[in-house]
Protein chains: 2
Amino acid sequence: MDRLQIRPKPMHSFTEENYLKTIYYLSARQEGEVTTNSLAEMTATKAASVSDMLRKLAEKQLIHYKKYQGVRLTEEGERLALKVIRRHRIWEVFLSEKLGFGWDEVHEMAEELEHIRSEELVQKLDAFLGYPQFDPHGDPIPSPAGHMPAVEYSKLSEVTIGEEVQVMGVLEHSPEFLQHLDKTGLNLGCRVLVQDVNVFDKSVSVQINHEKTLFVSNEVARNLLVN
Amino acid sequence: MDRLQIRPKPMHSFTEENYLKTIYYLSARQEGEVTTNSLAEMTATKAASVSDMLRKLAEKQLIHYKKYQGVRLTEEGERLALKVIRRHRIWEVFLSEKLGFGWDEVHEMAEELEHIRSEELVQKLDAFLGYPQFDPHGDPIPSPAGHMPAVEYSKLSEVTIGEEVQVMGVLEHSPEFLQHLDKTGLNLGCRVLVQDVNVFDKSVSVQINHEKTLFVSNEVARNLLVN
DNA sequence: ATAATAATTTAGGCTTGTCTAAAAATTTTT
DNA sequence: AAAAATTTTTAGACAAGCCTAAATTATTAT
């Protein structure tokens with residue numbers, strides 16, 4: 001039979017890839033080492049399970065790890081994490097641009113697709129999509145070599161009155177938040193003129209695309225990236 | 001953090017899906033029950049492991065199974081198997097048509113992609129591809145409802161002298177065989193006029209697309225589906 | 001500085017899916 | 001029809017990845 005399922009054992013498991021990715025994300029938004037507890041929370045497991053896995057990843061030289069001291073990716077670990085993130089974001093672009101999924105729907109499917117292990121597949125998909133630079137949430141797509149492009153956006157909550165900016169991304173990726181943005185018309189790329197800031201609750205009054213005026217809570221404004 | 005990886009536990013594991021799919025394929029090409037040994041060979045595992053899994057699948061009512069008596073899919077089992085096969089073949093079309101992979105390359109990647117569990121993804125992908133009826137090897141794509149279209153092709157080895165037929169599919173799916181067809185120009189859809197059959201080794205002399213003449217071994221002719 | 005609290009790791013278990021070796025059932029041969 | 005050979009199942013183990021409970025280390029408060 002020609003459908004034998006003999007495939008070479010992959011270097012790194014699905015689970016290992018998820019840990020590396022998560023360590024990368026946690027490192028990115030906070031200085032210093034990543035803690036066991038924060039990893040447990042992010043991966044929806046228990047601290048004991050995380051400890052096990054950290055020992056394993058350290059043995060494989062993918063993380064720097066001293067007991068009780070938190071964790072940091074090695075060069076190899078970061079390279080791998082960025083590979084996974086690259087795959088994730090490229091698949092998100094595909095799902096959004098080619099299949100018409102909303103930006104609130106793509107993350108979950110990409111969580112599975114990111115683990116498909118074919119270099120050539122990602123490379124051809126990237127070409128098919130025209131080498132996109134950003135995913136549907138405005139997050140930059142790492143280079144094939146494993147480099148995360150630097151982006152420097154402000155939060156909408158920090159823009160001064162009178163300035164006009166453009167929505168470039170989000171800090172919060174939950175479907176609920178994204179659906180709320182859809183509802184209010186705050187899509188990626190739309191122009192936002194800050195008309196007023198409420199000194200009491202820090203909510204922002206904005207004009208969108210030189211059309212309708214909108215009130216944006218500070219909670220939302222803090223999670224909107226603009227430039 | 002919004003990237004929590006809480007996903008509902010899927011009804012059926014990756015592994016279970018592979019067993020069901022394999023049982024389906026083995027049933028299709030041979031009458032009666034599928035044996036433990038043939039499953040072991042196909043899934044590249046040992047008979048003991050297969051036995052374990054069969055007990056488990058029987059408990060889940062996905063197969064009819066009496067010890068030592070071989071195995072047959074239940075209706076539910078067949079529905080699931082066809083769902084997996086549908087996903088597999090739709091992904092193959094995508095890889096071939098949109099990303100430009102050769103028909104000898106798509107199977108392995110589709111083996112992973114077929115397990116992505118989103119109904120909506122397959123449905124949108126299907127639409128994106130224009131509801132293809134056949135995969136790149138000419139195999140029919142099961143309907144969303146779980147029905148395998150009947151196709152009735154002959155083998156090239158059974159065509160009588162003087163007949164002109166069209167290549168519609170292959171029985172052997174190994175990259176080696178497919179690459180050999182590529183090399184000789186025997187692609188899907190090409191027209192083949194049977195000029196002569198060698199009585200000694202049953203090799204076939206054919207003219208392709210009213211152009212070049214070619215000798216096809218019986219081994220190859222038996223694995224080429226035509227109509 | 002020490003006691004209380006919090007975070008982390010270890011110890012021991014569980015499940016899934018695999019294995020080898022041995023036992024049991026079936027099929028084939030004589 | 002019994003013996004031999006083959007196939008299949010059972011028994012017992014193992015690795016990965018998770019768990020709970022207990023022990024250990026670090027941090028915070030007094």
# chains A, B, ... in the order shown; residues from 1 in each chain; ligands from 1
>>> closest_atom_pairs(of="chain A", to="chain B", cutoff="10 Å", atoms="only C-alpha atoms", output="JSON lines")
{"residue": "A:Met1", "atom": "CA", "partner": "B:Met42", "partner_atom": "CA", "distance": 7.1}
{"residue": "A:Asp2", "atom": "CA", "partner": "B:Ser174", "partner_atom": "CA", "distance": 5.3}
{"residue": "A:Arg3", "atom": "CA", "partner": "B:Met42", "partner_atom": "CA", "distance": 7.2}
{"residue": "A:Leu4", "atom": "CA", "partner": "B:Met42", "partner_atom": "CA", "distance": 5.2}
{"residue": "A:Gln5", "atom": "CA", "partner": "B:Thr43", "partner_atom": "CA", "distance": 5.8}
{"residue": "A:Ile6", "atom": "CA", "partner": "B:Ala44", "partner_atom": "CA", "distance": 6.5}
{"residue": "A:Arg7", "atom": "CA", "partner": "B:Glu108", "partner_atom": "CA", "distance": 8.4}
{"residue": "A:Asn18", "atom": "CA", "partner": "B:Gln5", "partner_atom": "CA", "distance": 9.0}
{"residue": "A:Thr22", "atom": "CA", "partner": "B:Arg3", "partner_atom": "CA", "distance": 8.6}
{"residue": "A:Tyr25", "atom": "CA", "partner": "B:Arg3", "partner_atom": "CA", "distance": 9.3}
{"residue": "A:Leu26", "atom": "CA", "partner": "B:Met1", "partner_atom": "CA", "distance": 9.2}
{"residue": "A:Ser38", "atom": "CA", "partner": "B:Met1", "partner_atom": "CA", "distance": 10.0}
{"residue": "A:Glu41", "atom": "CA", "partner": "B:Leu4", "partner_atom": "CA", "distance": 7.9}
{"residue": "A:Met42", "atom": "CA", "partner": "B:Leu4", "partner_atom": "CA", "distance": 5.2}
{"residue": "A:Thr43", "atom": "CA", "partner": "B:Gln5", "partner_atom": "CA", "distance": 5.8}
{"residue": "A:Ala44", "atom": "CA", "partner": "B:Ile6", "partner_atom": "CA", "distance": 6.5}
{"residue": "A:Thr45", "atom": "CA", "partner": "B:Ile6", "partner_atom": "CA", "distance": 9.6}
{"residue": "A:Leu95", "atom": "CA", "partner": "B:Leu121", "partner_atom": "CA", "distance": 8.3}
{"residue": "A:Lys98", "atom": "CA", "partner": "B:Phe128", "partner_atom": "CA", "distance": 7.4}
{"residue": "A:Leu99", "atom": "CA", "partner": "B:Lys124", "partner_atom": "CA", "distance": 5.9}
{"residue": "A:Gly100", "atom": "CA", "partner": "B:Lys124", "partner_atom": "CA", "distance": 8.0}
{"residue": "A:Phe101", "atom": "CA", "partner": "B:Lys124", "partner_atom": "CA", "distance": 8.7}
{"residue": "A:Val106", "atom": "CA", "partner": "B:Leu121", "partner_atom": "CA", "distance": 9.8}
{"residue": "A:His107", "atom": "CA", "partner": "B:Arg3", "partner_atom": "CA", "distance": 8.5}
{"residue": "A:Glu108", "atom": "CA", "partner": "B:Arg7", "partner_atom": "CA", "distance": 8.4}
{"residue": "A:Met109", "atom": "CA", "partner": "B:Ser118", "partner_atom": "CA", "distance": 7.3}
{"residue": "A:Ala110", "atom": "CA", "partner": "B:Ile116", "partner_atom": "CA", "distance": 9.6}
{"residue": "A:Glu111", "atom": "CA", "partner": "B:Gln5", "partner_atom": "CA", "distance": 8.2}
{"residue": "A:Glu112", "atom": "CA", "partner": "B:Ile116", "partner_atom": "CA", "distance": 6.5}
{"residue": "A:Leu113", "atom": "CA", "partner": "B:Ile116", "partner_atom": "CA", "distance": 7.1}
{"residue": "A:His115", "atom": "CA", "partner": "B:Glu112", "partner_atom": "CA", "distance": 9.1}
{"residue": "A:Ile116", "atom": "CA", "partner": "B:Glu112", "partner_atom": "CA", "distance": 6.4}
{"residue": "A:Arg117", "atom": "CA", "partner": "B:Met109", "partner_atom": "CA", "distance": 8.1}
{"residue": "A:Ser118", "atom": "CA", "partner": "B:Met109", "partner_atom": "CA", "distance": 7.3}
{"residue": "A:Glu120", "atom": "CA", "partner": "B:Phe101", "partner_atom": "CA", "distance": 9.4}
{"residue": "A:Leu121", "atom": "CA", "partner": "B:Met109", "partner_atom": "CA", "distance": 8.1}
{"residue": "A:Val122", "atom": "CA", "partner": "B:Leu99", "partner_atom": "CA", "distance": 9.9}
{"residue": "A:Gln123", "atom": "CA", "partner": "B:Leu99", "partner_atom": "CA", "distance": 9.6}
{"residue": "A:Lys124", "atom": "CA", "partner": "B:Leu99", "partner_atom": "CA", "distance": 5.9}
{"residue": "A:Leu125", "atom": "CA", "partner": "B:Leu99", "partner_atom": "CA", "distance": 6.4}
{"residue": "A:Asp126", "atom": "CA", "partner": "B:Leu99", "partner_atom": "CA", "distance": 9.5}
{"residue": "A:Ala127", "atom": "CA", "partner": "B:Leu99", "partner_atom": "CA", "distance": 8.4}
{"residue": "A:Phe128", "atom": "CA", "partner": "B:Leu99", "partner_atom": "CA", "distance": 6.4}
{"residue": "A:Leu129", "atom": "CA", "partner": "B:Leu99", "partner_atom": "CA", "distance": 9.8}
{"residue": "A:Leu171", "atom": "CA", "partner": "B:Asp2", "partner_atom": "CA", "distance": 8.9}
{"residue": "A:Glu172", "atom": "CA", "partner": "B:Asp2", "partner_atom": "CA", "distance": 6.1}
{"residue": "A:His173", "atom": "CA", "partner": "B:Asp2", "partner_atom": "CA", "distance": 5.4}
{"residue": "A:Ser174", "atom": "CA", "partner": "B:Asp2", "partner_atom": "CA", "distance": 5.3}
{"residue": "A:Pro175", "atom": "CA", "partner": "B:Asp2", "partner_atom": "CA", "distance": 8.9}
{"residue": "A:Phe177", "atom": "CA", "partner": "B:Asp2", "partner_atom": "CA", "distance": 9.7}
>>> closest_atom_pairs(of="chain B", to="chain C", cutoff="8 Å", atoms="only C-alpha atoms (C1' of nucleotides)", output="JSON lines")
{"residue": "B:Lys46", "atom": "CA", "partner": "C:DC19", "partner_atom": "C1'", "distance": 7.9}
{"residue": "B:Ser49", "atom": "CA", "partner": "C:DT18", "partner_atom": "C1'", "distance": 6.6}
{"residue": "B:Tyr68", "atom": "CA", "partner": "C:DA25", "partner_atom": "C1'", "distance": 7.2}
>>> interface_residues(of="chain D", to="chain A", cutoff="10 Å", atoms="only C-alpha atoms (C1' of nucleotides)", output="VMD selection string")
chain D and resid 16 to 20 25 to 26
>>> atom_distance(atom1="atom CA of B:Ser217", atom2="atom CA of B:Phe134")
26.1 Å
>>> residues_around(residues="A:Ala47", least_positions_apart="4", cutoff="7 Å", atoms="only C-alpha atoms (C1' of nucleotides)", output="list in words")
Thr36, Asn37, Ala40 and Ser51 of chain A
>>> atom_distance(atom1="atom CA of B:Val167", atom2="atom CA of B:Leu186")
7.5 Å
>>> select_by_dssp(residues="stretch 51-187 of chain B", states="strand (DSSP E)", output="PyMOL selection string")
chain B and resi 63-65+71-73+154-155+164-170
>>> write_last_selection(atoms="N, CA and C atoms", output="PDB file, in the first residue's frame")
ATOM      1  N   ILE B  63     -16.581   0.987  15.225  1.00  0.00           N
ATOM      2  CA  ILE B  63     -16.367  -0.213  14.403  1.00  0.00           C
ATOM      3  C   ILE B  63     -17.180  -1.382  14.960  1.00  0.00           C
ATOM      4  N   HIS B  64     -17.480  -2.336  14.062  1.00  0.00           N
ATOM      5  CA  HIS B  64     -18.001  -3.638  14.470  1.00  0.00           C
ATOM      6  C   HIS B  64     -16.791  -4.539  14.664  1.00  0.00           C
ATOM      7  N   TYR B  65     -16.724  -5.157  15.819  1.00  0.00           N
ATOM      8  CA  TYR B  65     -15.503  -5.886  16.129  1.00  0.00           C
ATOM      9  C   TYR B  65     -15.814  -7.063  17.031  1.00  0.00           C
ATOM     10  N   VAL B  71     -12.592  -6.648  11.431  1.00  0.00           N
ATOM     11  CA  VAL B  71     -13.225  -5.406  11.807  1.00  0.00           C
ATOM     12  C   VAL B  71     -13.915  -4.743  10.618  1.00  0.00           C
ATOM     13  N   ARG B  72     -14.993  -3.997  10.901  1.00  0.00           N
ATOM     14  CA  ARG B  72     -15.769  -3.314   9.866  1.00  0.00           C
ATOM     15  C   ARG B  72     -16.265  -2.009  10.469  1.00  0.00           C
ATOM     16  N   LEU B  73     -16.292  -0.945   9.672  1.00  0.00           N
ATOM     17  CA  LEU B  73     -16.743   0.352  10.194  1.00  0.00           C
ATOM     18  C   LEU B  73     -18.243   0.335  10.467  1.00  0.00           C
ATOM     19  N   SER B 154     -11.364   2.001 -15.732  1.00  0.00           N
ATOM     20  CA  SER B 154     -10.658   0.758 -16.031  1.00  0.00           C
ATOM     21  C   SER B 154      -9.179   0.989 -15.766  1.00  0.00           C
ATOM     22  N   LYS B 155      -8.462  -0.126 -15.689  1.00  0.00           N
ATOM     23  CA  LYS B 155      -7.002  -0.009 -15.661  1.00  0.00           C
ATOM     24  C   LYS B 155      -6.511   0.029 -17.098  1.00  0.00           C
ATOM     25  N   GLU B 164      -9.003   4.556 -27.599  1.00  0.00           N
ATOM     26  CA  GLU B 164      -8.343   5.737 -27.039  1.00  0.00           C
ATOM     27  C   GLU B 164      -9.033   6.110 -25.740  1.00  0.00           C
ATOM     28  N   VAL B 165      -8.241   6.261 -24.697  1.00  0.00           N
ATOM     29  CA  VAL B 165      -8.793   6.582 -23.381  1.00  0.00           C
ATOM     30  C   VAL B 165      -8.046   7.775 -22.791  1.00  0.00           C
ATOM     31  N   GLN B 166      -8.560   8.218 -21.643  1.00  0.00           N
ATOM     32  CA  GLN B 166      -7.966   9.376 -20.978  1.00  0.00           C
ATOM     33  C   GLN B 166      -7.506   8.937 -19.580  1.00  0.00           C
ATOM     34  N   VAL B 167      -6.356   9.418 -19.163  1.00  0.00           N
ATOM     35  CA  VAL B 167      -5.869   9.078 -17.816  1.00  0.00           C
ATOM     36  C   VAL B 167      -6.704   9.810 -16.775  1.00  0.00           C
ATOM     37  N   MET B 168      -7.334   9.078 -15.893  1.00  0.00           N
ATOM     38  CA  MET B 168      -8.257   9.668 -14.905  1.00  0.00           C
ATOM     39  C   MET B 168      -7.762   9.555 -13.475  1.00  0.00           C
ATOM     40  N   GLY B 169      -6.808   8.666 -13.228  1.00  0.00           N
ATOM     41  CA  GLY B 169      -6.344   8.510 -11.842  1.00  0.00           C
ATOM     42  C   GLY B 169      -5.280   7.448 -11.735  1.00  0.00           C
ATOM     43  N   VAL B 170      -4.845   7.221 -10.504  1.00  0.00           N
ATOM     44  CA  VAL B 170      -3.803   6.220 -10.252  1.00  0.00           C
ATOM     45  C   VAL B 170      -4.235   5.317  -9.105  1.00  0.00           C
TER      46      VAL B 170
END
